[in-house]
Amino acid sequence: MFNEQLVWAIFFLPLISFALISLIIRPFFNQISVVSGPIAVLSIGASFVISIITFIETTINHNNPVGDPKNWLTIGNFELQVGILLDPLTATMLVVVTGVSLMVQIYSTFYMKNPESHHGTENQDGKRETHSAKPPDDKQEVQPAELGQPVYARYFAYMSLFTASMLGLVMASNVVQLFVFWELVGLCSYLLIGFWFHRPAAAAAAKKAFIVTRVGDFGFLLALMYLFSKTYQENINYLDIQTINDQLPGLVQAGTLGAGALTLIAIGFFVGAIGKSGQFPLHTWLPDAMEGPTPVSALIHAATMVTAGVFLVGRFFPIFQASQDAMMVVALVGGITALFAATMGLVSNDIKRVLAYSTVSQLGYMMLALGIGAYGVAIFHLFTHAFFKALLFLGSGSVNHATGTFDMRFMGGLRKKMPLTYITFLIGSLSLAGIFPLAGFWSKDEILLNSFMSGTDGGEIISLIVFVLAIMAVFMTAFYMFRALFMTFEGEFRGGSEKDPEAKPHGPVHLGESPFLMVVPMVILAVPAVIIGFIANPPGNLLGIEAHWMVHTLDHMYHLPKGEAFNIPLAAVSTLVALSGIALAIAMYKPKPIISAESIGKTLKPLHTILYKKYYFDELYEGVFVRQIYYRGIALASDWSDRNIVDRIVNIVGWLGANFGGLIRQFQNGQIQMYATVTSIGIIVIAAMFIFGD
Amino acid sequence: MNLQDIYLISPELGIGVVAALVIIVDLLVSNKKVLPIVTLVGLLIPLFFVIQIDIDAGSKTGFSGTFQVDDFAIFFKYLILGSTAVVVLSSTEYAKKFEGHQGEYYALILFSATGMMLLASAMELITLYVALELTALPSAALAAFIRERKSAESGIKFLVLSAVSSAVLLYGMVLVYGLTGSTHLSEIGSSITAYGLETSPALLFGIVLITAGFGFKISAVPFQMWAPDVYEGAPTPVTGFLSVASKAAGFAVILRVFYTSFGLDDANIDWANMIAVLSAVSMSVGNLIAIRQNNIKRMLAYSTVAQAGYLMVGLAAITALPGGDDNAGPIGVLFYLAGYAMTNLAAFSVVIAVSNIKNNDSIESFSGLAKGYPLIAVAMTLAMISLIGIPPTVGFMAKIYLFSAAMDTGLEWLAIVGVINSVISAYYYLRVVKVMFLSDPEYKMEKSKTSYGVGAVSAAVIAMVGTFVFGIYPAPILRIAHTAVESLIG
């Protein structure tokens with residue numbers, strides 16, 4: 001029963017759903033577009049079930065039914081193949097992608113329904129912290145014709161395409177295949193961020209995401225080409241991921257490939273990962289990506305696509321491992337990002353942006369773990385993070401459903417009105433903060449432990465540095481999550497969209513629990529957010545599950561040694577740090593604060609401004625890179641060369657074409673005598689050249 | 001002639017019977033709308049026979065060795081049947097212009113297709129010549145099928161010039177027969193191998209003449225002069241038919257004759273270089289003149305000249321450098337032909353659809369097409385970018401294949417010329433796209449009044465889907481082309 005076709009089905013089911021919705025339902029049956037939701041949910045549900053089977057078969061039964069890759073394209077001696085690379089990493093990613101996607105799509109079947117009656121869905125994700133916000137402009141409120149109709153089919157078509165692409169990405173056995181899907185998920189991300197494309201902020205955010213990640217993709221592509229050119233002569237299947245991982249480090253030891261070349265390749269891959277995973281310094285697109293519908297943020301910009309960067313490094317981990325320099329870069333970038341993003345989360349007032357910064361920060365943790373060699377731990381954190389972060393995003397959507405705004409300054413007092421949302425959000429926050437014994441605790445703790453141990457025992461200075469960065473981020477994470485929790489759920493209700501000047505249009509505020517189909521996925525996701533860390537990677541043998549089962553399974557894949565065991569003193573310290581973050585948040589944001597947030601904000605005004613302005617990175621990129629270097633420099637230079645070199649050549653060719661063509665057209669005079677003459681002369685010339693040629 | 005012979009020729013017999021049947025139905029039935037349906041359903045008969053022979057794998061010869069059915073011939077039979085079907089489908093509405101002669105129209109197309117299928121199997125010069133004439137004569141009649149001056153002119157020109165080329169071809173055949181003593185291609189081949197070419201200028205001259213005769217079929221420079229005038233004047237479906245099926249048959253016979261008789265695979269002479277030069281000239285001339293055209297059919301006529309040039313790259317690329325694949329050139333030709341058939345038929349089906357409503361073949365008549373009729377505008381766009389050779393279309397894959405074959409055989413310069421030409425061609429192909437998407441409609445298009453025609457649009461969609469799907473996954477065609485070339489070269 002468990003065979004290769006079944007594994008392929010995981011990928012093809014959502015793809016079929018996409019084809020069905022976009023090619024049949026949307027053009028021909030748009031009046032019943034409501035069926036596209038169930039279609040998408042059913043297909044991804046089936047994929048999820050198969051993924052679970054695949055996970056169990058792969059990691060527990062060690063049963064790999066996948067055969068050799070299939071030939072896709074043969075040009076001369078060049079062969080391009082497609083296939084599945086099925087290992088514990090793939091299996092884990094399959095479960096994460098399909099599981100979260102299933103929950104999010106169930107949630108979406110209600111959330112995206114009927115934008116007219118569901119108050120201002122088109123506008124509910126209104127922009128907040130983009131300070132270029134224009135005053136409300138009636139013209140922008142004019143909806144294009146499409147919004148009169150259900151946008152349902154389009155939404156689920158994109159979601160299905162995204163899920164299929166992401167699954168294709170994690171299953172790819174070949175770098176070209178991987179790159180194609182890598183680009184496809186980028187495209188889907190663009191389409192979904194700009195889902196409400198008539199809103200300028202959404203359109204701009206979509207463009208920004210696409211262009212910024214493109215910078216990273218370019219690095220990835222360059223690395224691929226470099227890899228290709230370096231291994232072409234070595235007569236190995238230089239495009240197969242397994243082969244690359246198995247043989248490339250050996251080539252370095254044998255001396256056929258320089259160590260510097262390997263580092264370059266690894267760094268190139270990592271640049272791609274930086275773009276996709278929103279790592280410093282290409283992090284700027286991810287907070288803006290929150291302009292997309294909230295379920296999209298939950299699925300793509302929290303749980304799955306942004307983890308593709310982490311996945312990529314994990315996928316080529318043997319190559320990174322072979323290069324000390326590359327590992328150092330990964331660890332440092334990860335550590336810096338973890339702290340840096342957390343600081344910006346401290347002051348944001350938009351609940352989705354707080355979550356976005358926290359995502360960037362958590363992805364930093366994963367990179368950091370990879371950089372210090374704790375590969376299994378990194379993927380373990382990716383695994384647990386997916387569940388509680390998706391949960392938190394869905395919670396923010398639920399809050400928005402009630403209040404019509406994302407600005408926490410206009411929320412408050414929702415605990416009693418929305419008890420289920422509150423409880424699940426609280427669980428997600430505790431898990432993210434890393435409080436014992438929730439899922440986040442186990443994975444975050446392993447990261448801290450590994451960096452601490454390799455820093456103190458192994459004497460790696462980098463590990464020690466990133467450990468310090470990480471432990472500081474733990475404090476901040478706990479603080480900003482509970483700040484958000486208190487601002488949203490405690491105290492008095494502060495008016496929602498009716499008070500928020502930037503929430504448009506002022507949809508009715510109806511405080512109350514969200515509908516069943518939105519609450520159920522949150523409740524379901526809350527379960528793994530509590531237990532999955534303990535179950536998948538218990539500190540000791542548990543009900544037949546070995547101690548540290550998941551991390552060991554993943555590490556075993558690359559024959560890594562067993563990592564550090566659970567360490568109680570360090571766990572206690574990290575929990576204490578997190579608890580103190582929570583305590584500070586309570587002190588500052590409980591209904592009658594002990595410490596006034598305003599007075600601190602005033603005292604530390606410059607710092608607050610820097611954080612609030614996101615370290616001026618947008619201004620730096622926009623003002624310096626784009627306006628100065630690009631517009632004034634590169635663009636002017638290429639404009640000159642375009643006018644004076646390219647255009648000249650084109651004009652010469654055009655002139656030649658016109659005149660040469662005109663010459664030939666002299667013969668094309670419509671007279672067949674002329675045609676026969678030309679043909680005869682042609683024959684004579686050819687014959688003469690042949691016979692007397694040599 | 002025995003039963004085996006009849007079995008081998010059953011696809012050609014079948015298609016001939018269908019042609020006769022269409023004429024009879026035309027006599028008996030007053031509703032002419034059934035004719036294309038009868039034709040299309042009838043085409044299943046020869047298709048069935050071809051599949052039957054295909055399943056009986058292996059090369060078989062009949063009629064005392066003059067007729068051979070191998071994987072190579074079968075490849076072309078499929079291609080010709082498919083192209084014919086699409087042409088018939090696309091002319092469903094256009095055929096109303098032929099007033100009382102719709103039956104003859106479909107029958108003539110089928111007769112011409114019969115000739116092409118015979119051509120793919122011909123192993124002997126006389127058979128080959130008869131098949132060639134069977135292809136050409138109905139085409140001449142078809143070109144003159146509309147009762148107006150241009151169409152009549154087109155038919156006459158085609159007839160006269162094809163007579164000239166036949167004369168040239170026959171003269172070449174006579175020389176070759178006189179010097180080798182046989183009309184059988186394989187015997188000519190062994191005779192040439194035995195005595196060598198270099199010693200006999202007369203034989204060389206004969207071969208050049210034969211080449212020129214075939215060059216007319218594929219409209220390669222300098223035998224392309226007829227194409228623009230004939231293409232412009234002929235009814236549009238006929239133009240599409242000539243540019244696709246006729247060209248495919250032409251390349252089939254060239255490959256067959258050159259590999260079986262003239263020892264092209266030995267490459268002991270400068271064939272490759274000569275063809276490479278003609279290839280470069282064909283693509284350059286075709287592309288440069290196409291830029292100046294305002295009539296879409298004339299533009300596509302020059303485009304087919306250029307495409308013939310690209311195809312000849314595969315003929316020139318015959319001896320691979322060490323490590324290369326010797327068969328890459330001919331495989332590339334077959335693959336390119338299949339891809340080109342889909343692409344060009346998509347383009348012509350759209351031209352037919354547009355002329356159904358506007359009765360106008362100027363490029364300007366495509367103005368604003370994307371606004372009213374996005375589907376056919378998309379089909380045309382895909383066809384155009386496939387003709388340029390941009391992914392994700394089959395034209396891109398085919399060009400990669402051909403140009404890399406050129407690189408592998410040391411013809412880097414030809415590959416570079418090909419790429420530069422592709423860039424030049426983008427100018428006039430994309431002009432159509434620009435007009436469709438960016439220009440305002442010339443006059444208001446009212447959907448209700450006239451129709452683009454279900455047949456033409458479905459033909460365009462079918463061809464478009466092929467262009468797209470095989471642009472992403474070309475392996476099936478490549479696999480068939482591979483076995484076909486193996487059966488040709490062995």
# chains A, B, ... in the order shown; residues from 1 in each chain; ligands from 1
call {"tool": "interface_residues", "arguments": {"of": "chain B", "to": "chain A", "cutoff": "8 Å", "atoms": "only C-alpha atoms", "output": "count of residues only"}}
result
33
call {"tool": "residues_around", "arguments": {"residues": "Val378 of chain B", "least_positions_apart": "2", "cutoff": "12 Å", "atoms": "only C-alpha atoms", "output": "ChimeraX atom specification"}}
result
/B:346-347,350,369-376,380-385,432-434,436-437,457,460-461,463-465,467-468
call {"tool": "residues_around", "arguments": {"residues": "segment 481-484 of chain B", "least_positions_apart": "5", "cutoff": "6 Å", "atoms": "only C-alpha atoms", "output": "number ranges by chain"}}
result
B: 71-72, 331, 334
call {"tool": "write_last_selection", "arguments": {"atoms": "N, CA, C and O atoms", "output": "CSV table (one decimal), in the first residue's frame"}}
result
chain,number,residue,atom,x,y,z
B,71,ASP,N,9.6,3.2,-37.7
B,71,ASP,CA,9.2,4.2,-36.7
B,71,ASP,C,9.3,5.6,-37.2
B,71,ASP,O,8.6,6.5,-36.8
B,72,PHE,N,10.3,5.8,-38.1
B,72,PHE,CA,10.5,7.1,-38.7
B,72,PHE,C,9.2,7.5,-39.5
B,72,PHE,O,8.7,8.6,-39.3
B,331,ILE,N,17.1,14.1,-34.3
B,331,ILE,CA,16.1,14.0,-33.3
B,331,ILE,C,15.6,15.4,-33.0
B,331,ILE,O,14.4,15.6,-32.9
B,334,LEU,N,13.1,16.4,-35.7
B,334,LEU,CA,11.8,15.8,-35.5
B,334,LEU,C,11.0,16.5,-34.4
B,334,LEU,O,9.8,16.8,-34.5
call {"tool": "residues_around", "arguments": {"residues": "Glu57 of chain A", "least_positions_apart": "6", "cutoff": "9 Å", "atoms": "only C-alpha atoms", "output": "list in words"}}
result
Phe2, Asn63 and Asn64 of chain A
call {"tool": "select_by_dssp", "arguments": {"residues": "segment 398-539 of chain A", "states": "alpha helix (DSSP H)", "output": "ChimeraX atom specification"}}
result
/A:398-403,414-417,419-433,439-456,461-489,516-536
call {"tool": "residues_around", "arguments": {"residues": "Leu511 of chain A", "least_positions_apart": "3", "cutoff": "7 Å", "atoms": "only C-alpha atoms", "output": "list of chain:residue names"}}
result
A:Ala402, A:Thr403, A:Lys417
call {"tool": "write_last_selection", "arguments": {"atoms": "C-alpha atoms", "output": "PDB file, in the first residue's frame"}}
result
ATOM      1  CA  ALA A 402     -14.574  40.769  16.505  1.00  0.00           C
ATOM      2  CA  THR A 403     -12.981  44.210  16.651  1.00  0.00           C
ATOM      3  CA  LYS A 417     -16.054  38.086  25.309  1.00  0.00           C
TER       4      LYS A 417
END
call {"tool": "atom_distance", "arguments": {"atom1": "atom CA of Ile10 of chain A", "atom2": "atom CA of Phe181 of chain A"}}
result
14.8 Å
call {"tool": "closest_residue", "arguments": {"among": "A:Ala597, A:Leu414, A:Ile241, A:Val377", "to": "Glu513 of chain A", "atoms": "only C-alpha atoms"}}
result
A:Leu414
call {"tool": "closest_atom_pairs", "arguments": {"of": "segment 403-451 of chain A", "to": "segment 344-355 of chain A", "cutoff": "10 Å", "atoms": "only C-alpha atoms", "output": "tab-separated table"}}
result
residue	atom	partner	partner_atom	distance
A:Thr405	CA	A:Asp350	CA	8.9
A:Phe406	CA	A:Asp350	CA	5.5
A:Asp407	CA	A:Asp350	CA	4.6
A:Met408	CA	A:Asn349	CA	5.6
A:Arg409	CA	A:Asn349	CA	6.6
A:Phe410	CA	A:Asn349	CA	9.6
A:Met411	CA	A:Ile351	CA	10.0
call {"tool": "residues_around", "arguments": {"residues": "His559 of chain A", "least_positions_apart": "3", "cutoff": "12 Å", "atoms": "only C-alpha atoms", "output": "list in words"}}
result
Asp246, Phe317, Pro318, Gln321, Tyr375, Gly376, Val551, His552, Thr553, Leu554, Asp555, His556, Lys562 and Gly563 of chain A
call {"tool": "write_last_selection", "arguments": {"atoms": "all heavy atoms", "output": "mmCIF file, in the first residue's frame"}}
result
data_model
loop_
_atom_site.group_PDB
_atom_site.id
_atom_site.type_symbol
_atom_site.label_atom_id
_atom_site.label_comp_id
_atom_site.auth_asym_id
_atom_site.auth_seq_id
_atom_site.Cartn_x
_atom_site.Cartn_y
_atom_site.Cartn_z
ATOM 1 N N ASP A 246 26.483 13.863 -0.521
ATOM 2 C CA ASP A 246 27.392 12.753 -0.252
ATOM 3 C C ASP A 246 28.800 13.017 -0.750
ATOM 4 O O ASP A 246 29.765 12.597 -0.128
ATOM 5 C CB ASP A 246 26.858 11.469 -0.909
ATOM 6 C CG ASP A 246 25.614 10.961 -0.210
ATOM 7 O OD1 ASP A 246 25.334 11.483 0.884
ATOM 8 O OD2 ASP A 246 24.935 10.086 -0.750
ATOM 9 N N PHE A 317 22.849 20.503 4.618
ATOM 10 C CA PHE A 317 23.633 20.637 5.839
ATOM 11 C C PHE A 317 25.052 20.082 5.721
ATOM 12 O O PHE A 317 26.001 20.722 6.194
ATOM 13 C CB PHE A 317 22.890 20.004 7.013
ATOM 14 C CG PHE A 317 23.471 20.348 8.338
ATOM 15 C CD1 PHE A 317 23.393 21.645 8.811
ATOM 16 C CD2 PHE A 317 24.124 19.401 9.092
ATOM 17 C CE1 PHE A 317 23.947 21.980 10.021
ATOM 18 C CE2 PHE A 317 24.679 19.741 10.304
ATOM 19 C CZ PHE A 317 24.591 21.026 10.777
ATOM 20 N N PRO A 318 25.258 18.918 5.081
ATOM 21 C CA PRO A 318 26.635 18.407 4.963
ATOM 22 C C PRO A 318 27.575 19.401 4.291
ATOM 23 O O PRO A 318 28.758 19.456 4.637
ATOM 24 C CB PRO A 318 26.471 17.146 4.122
ATOM 25 C CG PRO A 318 25.083 16.702 4.385
ATOM 26 C CD PRO A 318 24.285 17.953 4.562
ATOM 27 N N GLN A 321 28.338 22.022 6.808
ATOM 28 C CA GLN A 321 29.187 21.468 7.845
ATOM 29 C C GLN A 321 30.630 21.384 7.400
ATOM 30 O O GLN A 321 31.540 21.514 8.217
ATOM 31 C CB GLN A 321 28.687 20.064 8.170
ATOM 32 C CG GLN A 321 28.364 19.909 9.607
ATOM 33 C CD GLN A 321 28.154 18.455 9.919
ATOM 34 O OE1 GLN A 321 27.942 17.637 9.028
ATOM 35 N NE2 GLN A 321 28.201 18.137 11.185
ATOM 36 N N TYR A 375 21.692 20.507 13.992
ATOM 37 C CA TYR A 375 20.746 20.424 12.888
ATOM 38 C C TYR A 375 19.382 19.879 13.320
ATOM 39 O O TYR A 375 18.331 20.463 13.042
ATOM 40 C CB TYR A 375 21.372 19.558 11.782
ATOM 41 C CG TYR A 375 20.394 18.875 10.892
ATOM 42 C CD1 TYR A 375 19.791 19.574 9.860
ATOM 43 C CD2 TYR A 375 20.072 17.541 11.081
ATOM 44 C CE1 TYR A 375 18.873 18.951 9.047
ATOM 45 C CE2 TYR A 375 19.171 16.912 10.279
ATOM 46 C CZ TYR A 375 18.563 17.617 9.261
ATOM 47 O OH TYR A 375 17.658 16.991 8.468
ATOM 48 N N GLY A 376 19.406 18.755 14.034
ATOM 49 C CA GLY A 376 18.146 18.134 14.433
ATOM 50 C C GLY A 376 17.329 19.060 15.313
ATOM 51 O O GLY A 376 16.103 19.172 15.177
ATOM 52 N N VAL A 551 14.946 14.576 17.512
ATOM 53 C CA VAL A 551 16.258 15.164 17.205
ATOM 54 C C VAL A 551 17.230 14.089 16.775
ATOM 55 O O VAL A 551 17.976 14.252 15.806
ATOM 56 C CB VAL A 551 16.775 15.937 18.438
ATOM 57 C CG1 VAL A 551 18.200 16.386 18.220
ATOM 58 C CG2 VAL A 551 15.876 17.127 18.720
ATOM 59 N N HIS A 552 17.187 12.950 17.460
ATOM 60 C CA HIS A 552 18.124 11.885 17.097
ATOM 61 C C HIS A 552 17.830 11.328 15.719
ATOM 62 O O HIS A 552 18.744 11.053 14.948
ATOM 63 C CB HIS A 552 18.088 10.773 18.148
ATOM 64 C CG HIS A 552 18.750 11.183 19.418
ATOM 65 N ND1 HIS A 552 18.683 10.454 20.577
ATOM 66 C CD2 HIS A 552 19.487 12.278 19.711
ATOM 67 C CE1 HIS A 552 19.349 11.073 21.531
ATOM 68 N NE2 HIS A 552 19.845 12.185 21.032
ATOM 69 N N THR A 553 16.521 11.173 15.427
ATOM 70 C CA THR A 553 16.167 10.664 14.104
ATOM 71 C C THR A 553 16.699 11.586 13.024
ATOM 72 O O THR A 553 17.260 11.147 12.022
ATOM 73 C CB THR A 553 14.635 10.544 13.974
ATOM 74 O OG1 THR A 553 14.155 9.796 15.076
ATOM 75 C CG2 THR A 553 14.247 9.878 12.683
ATOM 76 N N LEU A 554 16.502 12.880 13.240
ATOM 77 C CA LEU A 554 16.948 13.843 12.231
ATOM 78 C C LEU A 554 18.474 13.860 12.142
ATOM 79 O O LEU A 554 19.048 13.859 11.048
ATOM 80 C CB LEU A 554 16.425 15.236 12.569
ATOM 81 C CG LEU A 554 14.934 15.443 12.288
ATOM 82 C CD1 LEU A 554 14.407 16.638 13.040
ATOM 83 C CD2 LEU A 554 14.699 15.614 10.793
ATOM 84 N N ASP A 555 19.115 13.861 13.303
ATOM 85 C CA ASP A 555 20.584 13.911 13.287
ATOM 86 C C ASP A 555 21.173 12.658 12.647
ATOM 87 O O ASP A 555 22.181 12.723 11.951
ATOM 88 C CB ASP A 555 21.113 14.059 14.716
ATOM 89 C CG ASP A 555 21.085 15.510 15.171
ATOM 90 O OD1 ASP A 555 21.000 16.387 14.288
ATOM 91 O OD2 ASP A 555 21.136 15.757 16.388
ATOM 92 N N HIS A 556 20.490 11.541 12.879
ATOM 93 C CA HIS A 556 20.994 10.281 12.367
ATOM 94 C C HIS A 556 21.106 10.298 10.842
ATOM 95 O O HIS A 556 21.983 9.686 10.247
ATOM 96 C CB HIS A 556 20.067 9.150 12.807
ATOM 97 C CG HIS A 556 20.528 7.819 12.335
ATOM 98 N ND1 HIS A 556 21.658 7.213 12.822
ATOM 99 C CD2 HIS A 556 20.038 6.975 11.395
ATOM 100 C CE1 HIS A 556 21.838 6.061 12.213
ATOM 101 N NE2 HIS A 556 20.875 5.889 11.340
ATOM 102 N N LYS A 562 25.006 12.039 18.722
ATOM 103 C CA LYS A 562 23.874 12.388 19.566
ATOM 104 C C LYS A 562 24.185 13.674 20.323
ATOM 105 O O LYS A 562 25.281 13.847 20.850
ATOM 106 C CB LYS A 562 23.584 11.256 20.560
ATOM 107 C CG LYS A 562 22.931 10.067 19.888
ATOM 108 C CD LYS A 562 22.251 9.140 20.893
ATOM 109 C CE LYS A 562 21.514 8.041 20.139
ATOM 110 N NZ LYS A 562 20.737 7.166 21.023
ATOM 111 N N GLY A 563 23.187 14.557 20.331
ATOM 112 C CA GLY A 563 23.418 15.876 20.926
ATOM 113 C C GLY A 563 23.372 15.849 22.425
ATOM 114 O O GLY A 563 23.454 14.804 23.077
#
call {"tool": "atom_distance", "arguments": {"atom1": "atom CA of Leu392 of chain A", "atom2": "atom CA of Pro293 of chain A"}}
result
14.3 Å
call {"tool": "residues_around", "arguments": {"residues": "segment 300-311 of chain A", "least_positions_apart": "5", "cutoff": "8 Å", "atoms": "only C-alpha atoms", "output": "ChimeraX atom specification"}}
result
/A:96-97,100,166,170,185,189,270,272-278,286,289-290,356,359,363,366-367,379,382,385-387,389-390
call {"tool": "select_by_dssp", "arguments": {"residues": "segment 50-115 of chain A", "states": "strand (DSSP E)", "output": "list in words"}}
result
Lys70, Asn71, Trp72, Leu73, Thr74, Ile75, Phe78, Glu79, Leu80, Gln81 and Val82 of chain A
call {"tool": "write_last_selection", "arguments": {"atoms": "C-alpha atoms", "output": "CSV table (one decimal), in the first residue's frame"}}
result
chain,number,residue,atom,x,y,z
A,70,LYS,CA,12.5,10.1,-13.5
A,71,ASN,CA,14.0,11.7,-16.5
A,72,TRP,CA,12.4,14.9,-17.3
A,73,LEU,CA,14.6,16.4,-20.0
A,74,THR,CA,17.5,15.0,-22.0
A,75,ILE,CA,19.5,17.3,-24.1
A,78,PHE,CA,22.7,16.8,-20.1
A,79,GLU,CA,20.0,15.1,-18.1
A,80,LEU,CA,17.5,16.7,-15.9
A,81,GLN,CA,15.6,14.5,-13.5
A,82,VAL,CA,12.7,14.9,-11.1
call {"tool": "atom_distance", "arguments": {"atom1": "atom CA of Ile489 of chain B", "atom2": "atom CA of Phe251 of chain B"}}
result
15.0 Å
call {"tool": "closest_residue", "arguments": {"among": "B:Gly189, B:Glu364, B:Phe75, B:Leu169", "to": "Pro441 of chain B", "atoms": "only C-alpha atoms"}}
result
B:Glu364
